[in-house]
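Have a look at structure-v1.cif below; it lists mmCIF, N, CA and C atoms.
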```
data_structure
#
loop_
_atom_site.label_atom_id
_atom_site.label_comp_id
_atom_site.auth_asym_id
_atom_site.auth_seq_id
_atom_site.Cartn_x
_atom_site.Cartn_y
_atom_site.Cartn_z
N MET C 281 106.92 6.21 278.31
CA MET C 281 106.69 7.05 277.15
C MET C 281 106.99 6.27 275.88
N GLY C 282 106.20 6.53 274.86
CA GLY C 282 106.38 5.85 273.58
C GLY C 282 107.47 6.51 272.76
N ALA C 283 107.92 5.80 271.77
CA ALA C 283 108.93 6.34 270.86
C ALA C 283 108.30 7.40 269.98
N ASP C 284 109.09 8.38 269.63
CA ASP C 284 108.61 9.42 268.72
C ASP C 284 108.37 8.81 267.35
N ILE C 285 107.22 9.09 266.82
CA ILE C 285 106.89 8.62 265.47
C ILE C 285 107.16 9.77 264.52
N LYS C 286 108.02 9.51 263.56
CA LYS C 286 108.37 10.54 262.58
C LYS C 286 107.43 10.42 261.39
N LEU C 287 106.64 11.45 261.20
CA LEU C 287 105.72 11.46 260.08
C LEU C 287 106.44 11.92 258.82
N PRO C 288 106.02 11.41 257.67
CA PRO C 288 106.66 11.85 256.42
C PRO C 288 106.33 13.33 256.18
N PRO C 289 107.22 14.04 255.51
CA PRO C 289 106.94 15.44 255.22
C PRO C 289 105.73 15.59 254.30
N ARG C 290 104.94 16.61 254.59
CA ARG C 290 103.78 16.96 253.78
C ARG C 290 104.30 17.87 252.67
N VAL C 291 104.02 17.50 251.41
CA VAL C 291 104.68 18.16 250.29
C VAL C 291 103.68 18.56 249.21
N VAL C 292 103.81 19.81 248.76
CA VAL C 292 103.11 20.26 247.57
C VAL C 292 104.12 20.22 246.43
N PHE C 293 103.85 19.39 245.44
CA PHE C 293 104.67 19.35 244.23
C PHE C 293 103.96 20.16 243.16
N ASP C 294 104.65 21.08 242.51
CA ASP C 294 103.98 21.79 241.43
C ASP C 294 103.79 20.84 240.25
N THR C 295 102.91 21.23 239.34
CA THR C 295 102.52 20.36 238.23
C THR C 295 103.70 19.91 237.39
N ASN C 296 104.61 20.81 237.07
CA ASN C 296 105.74 20.43 236.23
C ASN C 296 106.63 19.39 236.89
N VAL C 297 106.76 19.47 238.20
CA VAL C 297 107.56 18.48 238.93
C VAL C 297 106.89 17.11 238.85
N VAL C 298 105.58 17.07 239.08
CA VAL C 298 104.85 15.79 239.04
C VAL C 298 104.92 15.20 237.63
N VAL C 299 104.67 16.03 236.63
CA VAL C 299 104.69 15.54 235.24
C VAL C 299 106.08 14.99 234.89
N SER C 300 107.12 15.69 235.26
CA SER C 300 108.48 15.21 234.97
C SER C 300 108.76 13.89 235.67
N ALA C 301 108.34 13.78 236.92
CA ALA C 301 108.58 12.55 237.68
C ALA C 301 107.80 11.38 237.07
N LEU C 302 106.58 11.63 236.61
CA LEU C 302 105.75 10.56 236.08
C LEU C 302 106.14 10.15 234.65
N LEU C 303 106.49 11.12 233.83
CA LEU C 303 106.69 10.84 232.40
C LEU C 303 108.09 10.40 232.01
N PHE C 304 109.08 10.88 232.72
CA PHE C 304 110.46 10.66 232.26
C PHE C 304 111.20 9.74 233.22
N ALA C 305 111.05 8.43 232.98
CA ALA C 305 111.60 7.41 233.88
C ALA C 305 113.12 7.52 234.06
N GLY C 306 113.81 8.04 233.06
CA GLY C 306 115.25 8.19 233.16
C GLY C 306 115.68 9.61 233.49
N GLY C 307 114.71 10.46 233.78
CA GLY C 307 115.00 11.87 234.03
C GLY C 307 115.50 12.15 235.44
N ARG C 308 115.91 13.38 235.64
CA ARG C 308 116.48 13.77 236.93
C ARG C 308 115.47 13.75 238.07
N LEU C 309 114.16 13.82 237.74
CA LEU C 309 113.14 13.81 238.79
C LEU C 309 112.50 12.44 238.98
N ALA C 310 112.94 11.46 238.21
CA ALA C 310 112.39 10.11 238.33
C ALA C 310 112.46 9.57 239.76
N PRO C 311 113.50 9.86 240.54
CA PRO C 311 113.54 9.34 241.92
C PRO C 311 112.35 9.80 242.77
N LEU C 312 111.76 10.93 242.46
CA LEU C 312 110.60 11.39 243.23
C LEU C 312 109.46 10.37 243.15
N ARG C 313 109.31 9.76 241.98
CA ARG C 313 108.21 8.82 241.76
C ARG C 313 108.30 7.61 242.69
N ARG C 314 109.48 7.33 243.17
CA ARG C 314 109.65 6.20 244.09
C ARG C 314 109.40 6.59 245.55
N LEU C 315 109.26 7.88 245.83
CA LEU C 315 109.12 8.33 247.22
C LEU C 315 107.71 8.15 247.78
N TRP C 316 106.70 8.57 246.99
CA TRP C 316 105.35 8.54 247.58
C TRP C 316 104.80 7.15 247.81
N PRO C 317 105.08 6.14 246.95
CA PRO C 317 104.49 4.81 247.25
C PRO C 317 105.02 4.19 248.54
N VAL C 318 106.23 4.55 248.93
CA VAL C 318 106.81 3.96 250.14
C VAL C 318 106.58 4.82 251.39
N GLY C 319 105.83 5.91 251.21
CA GLY C 319 105.52 6.77 252.35
C GLY C 319 106.65 7.66 252.80
N ALA C 320 107.64 7.89 251.93
CA ALA C 320 108.75 8.78 252.29
C ALA C 320 108.31 10.24 252.32
N CYS C 321 107.19 10.53 251.65
CA CYS C 321 106.61 11.87 251.70
C CYS C 321 105.12 11.72 251.43
N LEU C 322 104.36 12.72 251.83
CA LEU C 322 102.93 12.72 251.60
C LEU C 322 102.58 13.88 250.67
N PRO C 323 102.36 13.58 249.39
CA PRO C 323 101.98 14.65 248.46
C PRO C 323 100.58 15.18 248.80
N LEU C 324 100.43 16.48 248.69
CA LEU C 324 99.14 17.14 248.93
C LEU C 324 98.59 17.63 247.60
N VAL C 325 97.30 17.45 247.40
CA VAL C 325 96.65 17.95 246.20
C VAL C 325 95.33 18.62 246.59
N ALA C 326 94.87 19.49 245.73
CA ALA C 326 93.57 20.11 245.85
C ALA C 326 92.88 19.96 244.51
N LYS C 327 91.59 20.17 244.49
CA LYS C 327 90.83 20.01 243.25
C LYS C 327 91.47 20.80 242.12
N VAL C 328 91.84 22.04 242.37
CA VAL C 328 92.40 22.90 241.33
C VAL C 328 93.76 22.40 240.83
N THR C 329 94.57 21.83 241.71
CA THR C 329 95.89 21.35 241.27
C THR C 329 95.76 20.04 240.51
N VAL C 330 94.80 19.20 240.87
CA VAL C 330 94.56 17.96 240.12
C VAL C 330 94.01 18.31 238.74
N GLU C 331 93.13 19.29 238.67
CA GLU C 331 92.59 19.70 237.37
C GLU C 331 93.71 20.18 236.45
N GLU C 332 94.67 20.93 237.01
CA GLU C 332 95.79 21.38 236.19
C GLU C 332 96.64 20.20 235.73
N LEU C 333 96.87 19.24 236.62
CA LEU C 333 97.64 18.06 236.26
C LEU C 333 96.96 17.30 235.12
N LEU C 334 95.66 17.13 235.21
CA LEU C 334 94.90 16.47 234.15
C LEU C 334 95.03 17.21 232.82
N ARG C 335 94.93 18.52 232.89
CA ARG C 335 95.04 19.35 231.69
C ARG C 335 96.42 19.22 231.05
N VAL C 336 97.46 19.27 231.86
CA VAL C 336 98.83 19.22 231.34
C VAL C 336 99.13 17.83 230.75
N LEU C 337 98.70 16.79 231.42
CA LEU C 337 98.95 15.44 230.89
C LEU C 337 98.24 15.21 229.55
N ALA C 338 97.21 16.01 229.28
CA ALA C 338 96.47 15.87 228.02
C ALA C 338 97.08 16.70 226.89
N TYR C 339 98.16 17.44 227.16
CA TYR C 339 98.80 18.23 226.10
C TYR C 339 99.17 17.32 224.94
N PRO C 340 98.89 17.75 223.71
CA PRO C 340 99.24 16.93 222.54
C PRO C 340 100.72 16.55 222.46
N LYS C 341 101.61 17.41 222.96
CA LYS C 341 103.04 17.11 222.85
C LYS C 341 103.44 15.83 223.58
N PHE C 342 102.65 15.42 224.59
CA PHE C 342 102.98 14.20 225.32
C PHE C 342 102.46 12.95 224.63
N LYS C 343 101.50 13.11 223.72
CA LYS C 343 100.97 11.98 222.94
C LYS C 343 100.51 10.82 223.83
N LEU C 344 99.82 11.15 224.92
CA LEU C 344 99.35 10.12 225.85
C LEU C 344 97.89 9.80 225.59
N SER C 345 97.58 8.53 225.52
CA SER C 345 96.18 8.12 225.39
C SER C 345 95.48 8.33 226.74
N VAL C 346 94.17 8.26 226.74
CA VAL C 346 93.42 8.37 227.99
C VAL C 346 93.87 7.28 228.96
N ALA C 347 94.05 6.06 228.46
CA ALA C 347 94.48 4.95 229.31
C ALA C 347 95.87 5.20 229.90
N GLU C 348 96.77 5.76 229.11
CA GLU C 348 98.13 6.07 229.61
C GLU C 348 98.07 7.15 230.68
N ARG C 349 97.24 8.15 230.47
CA ARG C 349 97.10 9.22 231.48
C ARG C 349 96.53 8.65 232.78
N GLU C 350 95.53 7.79 232.65
CA GLU C 350 94.94 7.17 233.84
C GLU C 350 95.95 6.32 234.59
N CYS C 351 96.80 5.62 233.85
CA CYS C 351 97.84 4.80 234.46
C CYS C 351 98.83 5.66 235.24
N LEU C 352 99.23 6.78 234.65
CA LEU C 352 100.15 7.70 235.32
C LEU C 352 99.51 8.27 236.59
N LEU C 353 98.26 8.67 236.48
CA LEU C 353 97.56 9.23 237.64
C LEU C 353 97.42 8.19 238.74
N ALA C 354 97.25 6.93 238.35
CA ALA C 354 97.13 5.84 239.34
C ALA C 354 98.44 5.61 240.08
N ASP C 355 99.54 6.08 239.52
CA ASP C 355 100.84 5.99 240.20
C ASP C 355 101.11 7.18 241.11
N TYR C 356 100.17 8.12 241.16
CA TYR C 356 100.37 9.32 241.97
C TYR C 356 99.21 9.59 242.92
N LEU C 357 98.02 9.74 242.37
CA LEU C 357 96.89 10.22 243.17
C LEU C 357 96.53 9.34 244.37
N PRO C 358 96.63 8.01 244.29
CA PRO C 358 96.28 7.21 245.48
C PRO C 358 97.17 7.49 246.69
N TYR C 359 98.33 8.05 246.45
CA TYR C 359 99.27 8.32 247.54
C TYR C 359 99.15 9.73 248.09
N CYS C 360 98.25 10.50 247.51
CA CYS C 360 98.10 11.92 247.87
C CYS C 360 97.00 12.11 248.91
N GLU C 361 97.16 13.15 249.69
CA GLU C 361 96.10 13.59 250.58
C GLU C 361 95.39 14.76 249.90
N VAL C 362 94.07 14.65 249.80
CA VAL C 362 93.29 15.73 249.20
C VAL C 362 92.99 16.77 250.27
N VAL C 363 93.33 18.01 249.96
CA VAL C 363 93.10 19.12 250.87
C VAL C 363 92.01 20.00 250.28
N ARG C 364 91.03 20.29 251.08
CA ARG C 364 89.97 21.19 250.63
C ARG C 364 90.42 22.62 250.94
N LEU C 365 90.52 23.42 249.89
CA LEU C 365 90.91 24.81 250.10
C LEU C 365 89.74 25.57 250.69
N PRO C 366 90.00 26.43 251.67
CA PRO C 366 88.90 27.17 252.30
C PRO C 366 88.26 28.16 251.33
N ALA C 367 86.98 28.44 251.54
CA ALA C 367 86.28 29.40 250.68
C ALA C 367 86.95 30.77 250.78
N ARG C 368 87.40 31.09 251.97
CA ARG C 368 88.10 32.35 252.18
C ARG C 368 89.59 32.06 252.24
N LEU C 369 90.28 32.34 251.15
CA LEU C 369 91.70 32.00 251.05
C LEU C 369 92.53 32.98 251.86
N PRO C 370 93.58 32.48 252.49
CA PRO C 370 94.44 33.36 253.30
C PRO C 370 95.23 34.33 252.43
N ARG C 371 95.60 35.45 253.05
CA ARG C 371 96.47 36.40 252.36
C ARG C 371 97.87 35.79 252.30
N LEU C 372 98.47 35.93 251.14
CA LEU C 372 99.80 35.36 250.92
C LEU C 372 100.67 36.39 250.26
N PRO C 373 101.98 36.15 250.27
CA PRO C 373 102.87 37.07 249.54
C PRO C 373 102.46 37.13 248.07
N ALA C 374 102.62 38.27 247.48
CA ALA C 374 102.27 38.44 246.06
C ALA C 374 103.19 37.58 245.20
N CYS C 375 102.59 36.90 244.25
CA CYS C 375 103.35 36.07 243.31
C CYS C 375 103.17 36.67 241.93
N ARG C 376 104.26 36.78 241.17
CA ARG C 376 104.19 37.38 239.83
C ARG C 376 103.22 36.65 238.92
N ASP C 377 103.11 35.33 239.08
CA ASP C 377 102.24 34.54 238.23
C ASP C 377 101.02 34.09 239.04
N VAL C 378 99.88 34.67 238.75
CA VAL C 378 98.65 34.36 239.48
C VAL C 378 98.29 32.87 239.36
N CYS C 379 98.73 32.21 238.30
CA CYS C 379 98.45 30.78 238.12
C CYS C 379 99.18 29.91 239.15
N ASP C 380 100.17 30.47 239.83
CA ASP C 380 100.90 29.73 240.86
C ASP C 380 100.22 29.81 242.23
N MET C 381 99.27 30.71 242.38
CA MET C 381 98.63 30.92 243.68
C MET C 381 97.98 29.66 244.26
N PRO C 382 97.33 28.80 243.44
CA PRO C 382 96.74 27.59 244.04
C PRO C 382 97.76 26.72 244.79
N PHE C 383 99.00 26.71 244.33
CA PHE C 383 100.02 25.91 245.01
C PHE C 383 100.39 26.53 246.35
N LEU C 384 100.41 27.85 246.40
CA LEU C 384 100.67 28.54 247.67
C LEU C 384 99.50 28.33 248.63
N HIS C 385 98.28 28.45 248.12
CA HIS C 385 97.10 28.22 248.97
C HIS C 385 97.08 26.79 249.50
N LEU C 386 97.42 25.84 248.63
CA LEU C 386 97.46 24.44 249.05
C LEU C 386 98.52 24.23 250.12
N ALA C 387 99.68 24.84 249.96
CA ALA C 387 100.74 24.70 250.96
C ALA C 387 100.29 25.20 252.33
N VAL C 388 99.58 26.32 252.34
CA VAL C 388 99.10 26.88 253.61
C VAL C 388 97.97 26.03 254.18
N ALA C 389 96.95 25.76 253.37
CA ALA C 389 95.79 25.00 253.85
C ALA C 389 96.17 23.58 254.26
N GLY C 390 97.13 22.99 253.56
CA GLY C 390 97.54 21.62 253.85
C GLY C 390 98.65 21.51 254.87
N LYS C 391 99.07 22.65 255.41
CA LYS C 391 100.16 22.67 256.40
C LYS C 391 101.38 21.91 255.88
N ALA C 392 101.76 22.25 254.65
CA ALA C 392 102.88 21.58 254.00
C ALA C 392 104.20 21.92 254.69
N ASP C 393 105.10 20.97 254.63
CA ASP C 393 106.47 21.20 255.10
C ASP C 393 107.33 21.75 253.97
N PHE C 394 106.98 21.36 252.73
CA PHE C 394 107.73 21.77 251.55
C PHE C 394 106.78 22.10 250.41
N LEU C 395 107.16 23.08 249.61
CA LEU C 395 106.57 23.31 248.29
C LEU C 395 107.73 23.08 247.33
N VAL C 396 107.62 22.05 246.51
CA VAL C 396 108.72 21.65 245.63
C VAL C 396 108.41 22.11 244.21
N THR C 397 109.31 22.91 243.67
CA THR C 397 109.06 23.54 242.38
C THR C 397 110.35 23.90 241.67
N GLY C 398 110.25 24.05 240.38
CA GLY C 398 111.35 24.60 239.59
C GLY C 398 110.97 25.98 239.07
N ASP C 399 109.79 26.44 239.44
CA ASP C 399 109.22 27.70 238.96
C ASP C 399 109.88 28.89 239.66
N ALA C 400 110.50 29.75 238.87
CA ALA C 400 111.23 30.91 239.43
C ALA C 400 110.32 31.83 240.23
N ASP C 401 109.07 31.98 239.79
CA ASP C 401 108.15 32.86 240.51
C ASP C 401 107.85 32.34 241.91
N LEU C 402 107.73 31.04 242.04
CA LEU C 402 107.51 30.45 243.37
C LEU C 402 108.79 30.43 244.19
N LEU C 403 109.90 30.08 243.56
CA LEU C 403 111.18 30.03 244.29
C LEU C 403 111.55 31.40 244.85
N GLU C 404 111.13 32.45 244.18
CA GLU C 404 111.41 33.81 244.65
C GLU C 404 110.75 34.09 246.00
N LEU C 405 109.72 33.33 246.34
CA LEU C 405 108.99 33.54 247.59
C LEU C 405 109.56 32.73 248.76
N ALA C 406 110.67 32.03 248.53
CA ALA C 406 111.29 31.24 249.60
C ALA C 406 111.55 32.13 250.81
N GLY C 407 111.21 31.61 251.98
CA GLY C 407 111.40 32.35 253.22
C GLY C 407 110.21 33.23 253.58
N GLN C 408 109.22 33.32 252.72
CA GLN C 408 108.06 34.16 252.98
C GLN C 408 106.81 33.35 253.35
N LEU C 409 106.96 32.04 253.42
CA LEU C 409 105.85 31.16 253.74
C LEU C 409 106.27 30.30 254.92
N HIS C 410 105.31 29.65 255.56
CA HIS C 410 105.63 28.80 256.71
C HIS C 410 106.42 27.56 256.32
N CYS C 411 106.37 27.18 255.04
CA CYS C 411 107.08 25.97 254.59
C CYS C 411 108.26 26.36 253.70
N ALA C 412 109.15 25.42 253.52
CA ALA C 412 110.30 25.65 252.65
C ALA C 412 109.85 25.55 251.19
N ILE C 413 110.25 26.51 250.39
CA ILE C 413 109.99 26.47 248.94
C ILE C 413 111.33 26.16 248.30
N VAL C 414 111.42 24.96 247.72
CA VAL C 414 112.71 24.46 247.27
C VAL C 414 112.62 23.78 245.90
N ARG C 415 113.77 23.69 245.26
CA ARG C 415 113.89 22.93 244.01
C ARG C 415 113.82 21.43 244.34
N PRO C 416 113.42 20.61 243.38
CA PRO C 416 113.32 19.17 243.64
C PRO C 416 114.61 18.54 244.16
N GLU C 417 115.74 18.96 243.63
CA GLU C 417 117.03 18.39 244.05
C GLU C 417 117.29 18.68 245.53
N VAL C 418 116.94 19.88 245.96
CA VAL C 418 117.13 20.25 247.38
C VAL C 418 116.21 19.41 248.26
N PHE C 419 114.97 19.22 247.82
CA PHE C 419 114.03 18.39 248.57
C PHE C 419 114.56 16.97 248.71
N MET C 420 115.03 16.38 247.60
CA MET C 420 115.52 14.99 247.66
C MET C 420 116.75 14.89 248.56
N THR C 421 117.62 15.89 248.53
CA THR C 421 118.80 15.89 249.41
C THR C 421 118.37 15.98 250.87
N ASN C 422 117.41 16.85 251.19
CA ASN C 422 116.92 16.98 252.56
C ASN C 422 116.29 15.67 253.04
N LEU C 423 115.58 15.00 252.17
CA LEU C 423 114.92 13.76 252.53
C LEU C 423 115.94 12.66 252.83
N LYS C 424 117.02 12.62 252.06
CA LYS C 424 118.07 11.62 252.29
C LYS C 424 118.74 11.83 253.65
N ARG C 425 118.90 13.09 254.04
CA ARG C 425 119.56 13.42 255.31
C ARG C 425 118.74 13.04 256.51
N SER C 426 117.42 13.09 256.39
CA SER C 426 116.57 12.85 257.57
C SER C 426 116.21 11.40 257.75
#
```

Would you mind writing the structure in this file as structure tokens?
Amino acid sequence: MGADIKLPPRVVFDTNVVVSALLFAGGRLAPLRRLWPVGACLPLVAKVTVEELLRVLAYPKFKLSVAERECLLADYLPYCEVVRLPARLPRLPACRDVCDMPFLHLAVAGKADFLVTGDADLLELAGQLHCAIVRPEVFMTNLKRS
């Protein structure tokens, strides 16, 4: 028998988590940026979540040029698995913020192990989905333990 191969956890990162990890090199979420290039986790994205990421990175408050945005995306998207959301989306627990639903759909369709977020509306649904819905700090602690 062969040795068990441990696959990296499949993870949905909400947009704010990704933006914080990419933009703030000295910030509390900066360690996340070092996880995906080394295969410590497999970020999952869908067309709708990438579109939101593009939109947020273009916010005037970040003062990022097109080239800077492309550079940031190049540090994230190549390490992601693109998940096609089904035309018929599964029924999920009700979320107060309808804008958060794509992340829940992605977690289900992508068979995520974790949905990593700081969003209170998503965190409130912890225990109601097949995957763990956790804050970034909890995710990083769990990853260090395994």

Q | Selected residue of minimal separation from Leu322 of chain C among C:Cys360, C:Val299, C:Val336, C:Ala310, counting all atoms listed in the file | A |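 Under the stated criterion, the closest residue is C:Cys360.
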
Q: Go through C:Ala374, C:Asp355, C:His410, C:Glu350 one by one, measure the shortest atom-to-atom distance of each to Leu312 of chain C using only C-alpha atoms, and give the residue with the smallest value.
A: C:Asp355

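If you measure from each of C:Arg349, C:Tyr359, C:Leu333, C:Ala387 to Arg314 of chain C using only C-alpha atoms, the closest one turns out to be C:Tyr359.
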
Q.
Around (98.0, 28.5, 253.9), as given in the file, which residues come within 8 Å? Count all atoms listed in the file and list them as a PyMOL selection string.
A. chain C and resi 369-372+384-392+410

Store the residues picked out above in a file with N, CA and C atoms, as a CSV table (one decimal), in the frame of the given file.
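Result file follows (out.csv):
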```
chain,number,residue,atom,x,y,z
C,369,LEU,N,90.3,32.3,251.2
C,369,LEU,CA,91.7,32.0,251.0
C,369,LEU,C,92.5,33.0,251.9
C,370,PRO,N,93.6,32.5,252.5
C,370,PRO,CA,94.4,33.4,253.3
C,370,PRO,C,95.2,34.3,252.4
C,371,ARG,N,95.6,35.4,253.0
C,371,ARG,CA,96.5,36.4,252.4
C,371,ARG,C,97.9,35.8,252.3
C,372,LEU,N,98.5,35.9,251.1
C,372,LEU,CA,99.8,35.4,250.9
C,372,LEU,C,100.7,36.4,250.3
C,384,LEU,N,100.4,27.8,246.4
C,384,LEU,CA,100.7,28.5,247.7
C,384,LEU,C,99.5,28.3,248.6
C,385,HIS,N,98.3,28.4,248.1
C,385,HIS,CA,97.1,28.2,249.0
C,385,HIS,C,97.1,26.8,249.5
C,386,LEU,N,97.4,25.8,248.6
C,386,LEU,CA,97.5,24.4,249.0
C,386,LEU,C,98.5,24.2,250.1
C,387,ALA,N,99.7,24.8,250.0
C,387,ALA,CA,100.7,24.7,251.0
C,387,ALA,C,100.3,25.2,252.3
C,388,VAL,N,99.6,26.3,252.3
C,388,VAL,CA,99.1,26.9,253.6
C,388,VAL,C,98.0,26.0,254.2
C,389,ALA,N,97.0,25.8,253.4
C,389,ALA,CA,95.8,25.0,253.8
C,389,ALA,C,96.2,23.6,254.3
C,390,GLY,N,97.1,23.0,253.6
C,390,GLY,CA,97.5,21.6,253.8
C,390,GLY,C,98.6,21.5,254.9
C,391,LYS,N,99.1,22.6,255.4
C,391,LYS,CA,100.2,22.7,256.4
C,391,LYS,C,101.4,21.9,255.9
C,392,ALA,N,101.8,22.2,254.6
C,392,ALA,CA,102.9,21.6,254.0
C,392,ALA,C,104.2,21.9,254.7
C,410,HIS,N,105.3,29.6,255.6
C,410,HIS,CA,105.6,28.8,256.7
C,410,HIS,C,106.4,27.6,256.3
```

Q) Restricting the calculation to only C-alpha atoms, which member of C:Gly319, C:Gly306, C:Gly407, C:Gly398 is positioned closest to Leu423 of chain C? A)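 Closest residue, counting only C-alpha atoms: C:Gly319.
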
(Q) For the alpha helix (DSSP H) assignment from backbone DSSP, which residues of chain C qualify? Please present them as a PyMOL selection string. (A) chain C and resi 295-303+310-313+327-337+346-354+381-389+400-403+416-425

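The spacing separating atom CA of Ser345 of chain C from atom C of Pro358 of chain C amounts to 21.3 Å.
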
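Using only C-alpha atoms, the nearest neighbour of Asp399 of chain C within the list C:Leu365, C:Ile413, C:Leu334, C:Val291 is C:Ile413.
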
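Atom CA of Phe419 of chain C is found 16.9 Å from atom N of Asp401 of chain C.
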
(Q) Between atom CA of Ala347 of chain C and atom CA of Leu315 of chain C, what is the distance in Å, rounded to a tenth? (A) 23.4 Å

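Between Pro416 of chain C and the candidates C:Leu337, C:Asp393, C:Leu309, C:Glu361, the tightest atom-to-atom separation, counting only N, CA and C atoms, involves C:Leu309.
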
Q: Check what the PyMOL selection byres (((chain C and resi 295 and name CA) around 8) and name CA) selects in the file above and give those residues as a PyMOL selection string.
A: chain C and resi 293-294+296-299+329+332-333+336

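The list of residues with at least one atom within 7 Å of Arg415 of chain C, based on all atoms listed in the file and without residues fewer than 2 positions apart in the same chain, reads Leu395, Val396, Thr397, Gly398, Leu403, Ile413, Glu417, Val418, Phe419 and Met420 of chain C.
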
Q: Please give the complete set of residues from chain C that DSSP, run on the backbone, assigns to strand (DSSP E), formatted as JSON, numbers by chain.
A: {"C": [290, 291, 292, 293, 322, 323, 324, 325, 361, 362, 394, 395, 396, 412, 413, 414]}

Any chance you could work out the axis-aligned box around segment 311-315 of chain C, listed atoms only, 8 Å on each side, giving centre and edge lengths in Å to one decimal, as JSON?
```
{"center_x": 110.6, "center_y": 8.8, "center_z": 244.2, "size_x": 21.8, "size_y": 21.2, "size_z": 23.2}
```

Got a minute to add all heavy atoms to segment 407-413 of chain C and dump it as an mmCIF file, keeping the file's coordinate frame?
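For reference, selection.cif as written:
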```cif
data_model
loop_
_atom_site.group_PDB
_atom_site.id
_atom_site.type_symbol
_atom_site.label_atom_id
_atom_site.label_comp_id
_atom_site.auth_asym_id
_atom_site.auth_seq_id
_atom_site.Cartn_x
_atom_site.Cartn_y
_atom_site.Cartn_z
ATOM 1 N N GLY C 407 111.210 31.610 251.980
ATOM 2 C CA GLY C 407 111.400 32.350 253.220
ATOM 3 C C GLY C 407 110.210 33.230 253.580
ATOM 4 O O GLY C 407 110.190 33.832 254.653
ATOM 5 N N GLN C 408 109.220 33.320 252.720
ATOM 6 C CA GLN C 408 108.060 34.160 252.980
ATOM 7 C C GLN C 408 106.810 33.350 253.350
ATOM 8 O O GLN C 408 105.743 33.911 253.538
ATOM 9 C CB GLN C 408 107.750 35.038 251.767
ATOM 10 C CG GLN C 408 108.867 36.006 251.422
ATOM 11 C CD GLN C 408 108.491 36.867 250.237
ATOM 12 O OE1 GLN C 408 107.401 37.404 250.178
ATOM 13 N NE2 GLN C 408 109.411 36.992 249.290
ATOM 14 N N LEU C 409 106.960 32.040 253.420
ATOM 15 C CA LEU C 409 105.850 31.160 253.740
ATOM 16 C C LEU C 409 106.270 30.300 254.920
ATOM 17 O O LEU C 409 107.457 30.203 255.226
ATOM 18 C CB LEU C 409 105.548 30.276 252.514
ATOM 19 C CG LEU C 409 104.102 29.937 252.194
ATOM 20 C CD1 LEU C 409 103.271 31.189 251.992
ATOM 21 C CD2 LEU C 409 104.014 29.079 250.949
ATOM 22 N N HIS C 410 105.310 29.650 255.560
ATOM 23 C CA HIS C 410 105.630 28.800 256.710
ATOM 24 C C HIS C 410 106.420 27.560 256.320
ATOM 25 O O HIS C 410 107.040 26.920 257.144
ATOM 26 C CB HIS C 410 104.334 28.376 257.408
ATOM 27 C CG HIS C 410 103.577 27.353 256.627
ATOM 28 N ND1 HIS C 410 102.868 27.669 255.486
ATOM 29 C CD2 HIS C 410 103.474 26.012 256.784
ATOM 30 C CE1 HIS C 410 102.346 26.566 254.986
ATOM 31 N NE2 HIS C 410 102.697 25.549 255.753
ATOM 32 N N CYS C 411 106.370 27.180 255.040
ATOM 33 C CA CYS C 411 107.080 25.970 254.590
ATOM 34 C C CYS C 411 108.260 26.360 253.700
ATOM 35 O O CYS C 411 108.315 27.472 253.182
ATOM 36 C CB CYS C 411 106.131 25.043 253.834
ATOM 37 S SG CYS C 411 105.563 25.665 252.249
ATOM 38 N N ALA C 412 109.150 25.420 253.520
ATOM 39 C CA ALA C 412 110.300 25.650 252.650
ATOM 40 C C ALA C 412 109.850 25.550 251.190
ATOM 41 O O ALA C 412 109.117 24.628 250.827
ATOM 42 C CB ALA C 412 111.374 24.605 252.931
ATOM 43 N N ILE C 413 110.250 26.510 250.390
ATOM 44 C CA ILE C 413 109.990 26.470 248.940
ATOM 45 C C ILE C 413 111.330 26.160 248.300
ATOM 46 O O ILE C 413 112.264 26.966 248.357
ATOM 47 C CB ILE C 413 109.425 27.812 248.431
ATOM 48 C CG1 ILE C 413 108.118 28.139 249.164
ATOM 49 C CG2 ILE C 413 109.194 27.748 246.916
ATOM 50 C CD1 ILE C 413 107.531 29.504 248.826
#
```
